[in-house]
Amino acid sequence: MQQILEAIQAGASGDELAAVPLPESYRAVVVRKEDQSMFEGMESEDKDPRQALRVQDVALPELAPDEAVIAVMASSINFNTVWTSIFEPLPTFGFLTRLGRESYWGKRHDQDFHVVGSDASGVVLRVGSAVRKWKPGDKVVVHCNYVDDQDHTSHNDSMLGDNQRIWGFETNYGGLADLSVVKANQLMPKPAHLTWEEAAVNALCNSTSYRMLVSKNAAGMQQGDAVLIWGATGGLGGYAVQYVLNGGGTPVGVVSSPEKAELLRDLGCEAVIDRKAAGYRFWSDEHTQDESEWRRLGKDIRGLIGRDVDIVFEHPGRQTFGASVFVAARGGTIVTCAATSGYMIEYDNRHLWMKLKRIVSSHFANYAEAWEANDLIRRGQVQPIMSAVYPLEQTGEAAYQVHKNLHEGKIGVLCLAPEEGLGIDDPAFREQVGEDKITAFRRHGV
């Protein structure tokens, strides 16, 4: 691995990188099958990712014809890494077993360890015999949509594929490691003006937000739309705010502290709700929602922008969903991609059907959407929302921070990169975009 790192840092050519021998094993963050019952009987909030996530050497798998081996310079933490680490809502080893039954190449994934991580930036080291558009030496980022392009169900919108999976969550050999094996159709060009860690945090959350708001496959946001964004400085919301502003819309950002409100205003979001200061109690008890609190939220929104919101960017789930359905305008859209506060959703259906609202589901993004979202990063029109960086050895602590909502934006993880700040190939464009914009989340330190 040291020889690979030195070659990358020296600017080795593709041919030179291809000549560097690959190691038989590499360092990776894993959960182990033998540990999958370690948290049985515990409440979710008491489960500690630091106890389950381990750094160990794993064998480099055989390369399939449509795959590439990449040197992972940096990765990031997503909620799916947290879910894997606490074995919720179920251990991910079942996903790997099912993948292992599908094909010769699928069998490689069915191991007694699971290498986690669904983001990466790095350098291509090898490509399989069927790979045409990528070569050793290419600097790339990796999106997490893992599909079988021989399945007809994947060829209209690959997110509808019968066996669509999320790399590093429903597959093995994810991005929190020094090497990774990925399908060639997961690769995208690295933004040249960003560091390795800044480039690594975007693909999953940025692509998800793009599909939810911009794509015709979900909300299809239009010029002038007002959008309520829960967790507007979080891993999804931080990108959503930028898409609404870029699209000529009006974001209404919901956050949980004055510091986060200040960050939102720095991003250009003028309509801000501090939910903790407002003290909303959408649930009067664990079984009963309080419609008067929904009405109070709606009144607060109208007080800020003078009207109801056309779209609600919904991902907390159970805690907020009833309110989200209520506050959307007549004919409005609630677009949902997750349920971090619980997935058993309740809402008053009268406010949906009688006011002709719609609920639209959205899950990650197809290759075209992920590519378009990455292009906006590359052009400096959307900024990374990285707030902190940890070394690979401290991935457990980074995941704990996400599990406990002690962070904002995204947390980057250094893998093969020895320190922060490396990987910038276009400093002139970085200066043009603006250091303050690129590092807003890190600078605010929320």
# chains A, B, ... in the order shown; residues from 1 in each chain; ligands from 1

call {"tool": "select_by_dssp", "arguments": {"residues": "segment 233-298 of chain A", "states": "alpha helix (DSSP H)", "output": "number ranges by chain"}}
result
A: 237-246, 258-267, 275-278, 291-298

call {"tool": "closest_residue", "arguments": {"among": "A:Ala370, A:Ile77, A:Ile229, A:Leu297", "to": "Ala398 of chain A", "atoms": "only C-alpha atoms"}}
result
A:Ile77

call {"tool": "closest_residue", "arguments": {"among": "A:Val142, A:Val55, A:Ala388, A:Leu194", "to": "His114 of chain A", "atoms": "only C-alpha atoms"}}
result
A:Val55

call {"tool": "closest_atom_pairs", "arguments": {"of": "segment 350-425 of chain A", "to": "segment 44-47 of chain A", "cutoff": "12 Å", "atoms": "only C-alpha atoms", "output": "Markdown table"}}
result
| residue | atom | partner | partner_atom | distance |
| --- | --- | --- | --- | --- |
| A:Gly396 | CA | A:Lys47 | CA | 11.9 |
| A:Ala399 | CA | A:Lys47 | CA | 11.4 |
| A:Tyr400 | CA | A:Lys47 | CA | 9.3 |
| A:Gln401 | CA | A:Glu45 | CA | 12.0 |
| A:Val402 | CA | A:Glu45 | CA | 11.6 |
| A:His403 | CA | A:Glu45 | CA | 7.9 |
| A:Lys404 | CA | A:Glu45 | CA | 7.6 |
| A:Asn405 | CA | A:Glu45 | CA | 10.7 |

call {"tool": "write_last_selection", "arguments": {"atoms": "N, CA and C atoms", "output": "PDB file, in the first residue's frame"}}
result
ATOM      1  N   GLY A 396     -15.224   4.278  13.881  1.00  0.00           N
ATOM      2  CA  GLY A 396     -16.239   3.998  14.887  1.00  0.00           C
ATOM      3  C   GLY A 396     -16.702   5.264  15.586  1.00  0.00           C
ATOM      4  N   ALA A 399     -18.811   7.320  13.169  1.00  0.00           N
ATOM      5  CA  ALA A 399     -20.155   6.759  13.049  1.00  0.00           C
ATOM      6  C   ALA A 399     -20.984   7.046  14.295  1.00  0.00           C
ATOM      7  N   TYR A 400     -20.343   7.037  15.456  1.00  0.00           N
ATOM      8  CA  TYR A 400     -21.026   7.369  16.705  1.00  0.00           C
ATOM      9  C   TYR A 400     -21.551   8.806  16.656  1.00  0.00           C
ATOM     10  N   GLN A 401     -20.743   9.716  16.128  1.00  0.00           N
ATOM     11  CA  GLN A 401     -21.162  11.104  16.006  1.00  0.00           C
ATOM     12  C   GLN A 401     -22.429  11.222  15.153  1.00  0.00           C
ATOM     13  N   VAL A 402     -22.475  10.460  14.060  1.00  0.00           N
ATOM     14  CA  VAL A 402     -23.657  10.480  13.187  1.00  0.00           C
ATOM     15  C   VAL A 402     -24.848   9.839  13.892  1.00  0.00           C
ATOM     16  N   HIS A 403     -24.609   8.703  14.554  1.00  0.00           N
ATOM     17  CA  HIS A 403     -25.679   7.988  15.253  1.00  0.00           C
ATOM     18  C   HIS A 403     -26.343   8.875  16.305  1.00  0.00           C
ATOM     19  N   LYS A 404     -25.550   9.683  16.976  1.00  0.00           N
ATOM     20  CA  LYS A 404     -26.060  10.519  18.056  1.00  0.00           C
ATOM     21  C   LYS A 404     -26.416  11.932  17.587  1.00  0.00           C
ATOM     22  N   ASN A 405     -26.342  12.167  16.273  1.00  0.00           N
ATOM     23  CA  ASN A 405     -26.657  13.489  15.711  1.00  0.00           C
ATOM     24  C   ASN A 405     -25.835  14.597  16.368  1.00  0.00           C
TER      25      ASN A 405
END

call {"tool": "atom_distance", "arguments": {"atom1": "atom CA of Arg358 of chain A", "atom2": "atom CA of Val335 of chain A"}}
result
8.4 Å

call {"tool": "residues_around", "arguments": {"residues": "segment 271-279 of chain A", "least_positions_apart": "6", "cutoff": "9 Å", "atoms": "only C-alpha atoms", "output": "ChimeraX atom specification"}}
result
/A:250-258,260-261,264-265,297,300-301,304-305

call {"tool": "closest_residue", "arguments": {"among": "A:Pro91, A:Gly175, A:Pro23, A:Gly409", "to": "Ser37 of chain A", "atoms": "only C-alpha atoms"}}
result
A:Pro91

call {"tool": "select_by_dssp", "arguments": {"residues": "segment 62-254 of chain A", "states": "strand (DSSP E or B)", "output": "JSON, numbers by chain"}}
result
{"A": [67, 68, 69, 70, 71, 72, 73, 74, 75, 76, 113, 114, 115, 120, 121, 122, 123, 124, 125, 126, 127, 139, 140, 141, 142, 145, 146, 165, 166, 177, 179, 180, 181, 182, 183, 187, 188, 189, 226, 227, 228, 229, 250, 251, 252, 253, 254]}

call {"tool": "residues_around", "arguments": {"residues": "Asn206 of chain A", "least_positions_apart": "6", "cutoff": "7 Å", "atoms": "only C-alpha atoms", "output": "PyMOL selection string"}}
result
chain A and resi 236+239+373

call {"tool": "residues_around", "arguments": {"residues": "Trp230 of chain A", "least_positions_apart": "2", "cutoff": "9 Å", "atoms": "only C-alpha atoms", "output": "list in words"}}
result
Leu228, Ala232, Thr233, Gly234, Gly237, Val252, Gly253, Val254, Val255, Val312, Phe313, Glu314, His315, Pro316 and Thr320 of chain A
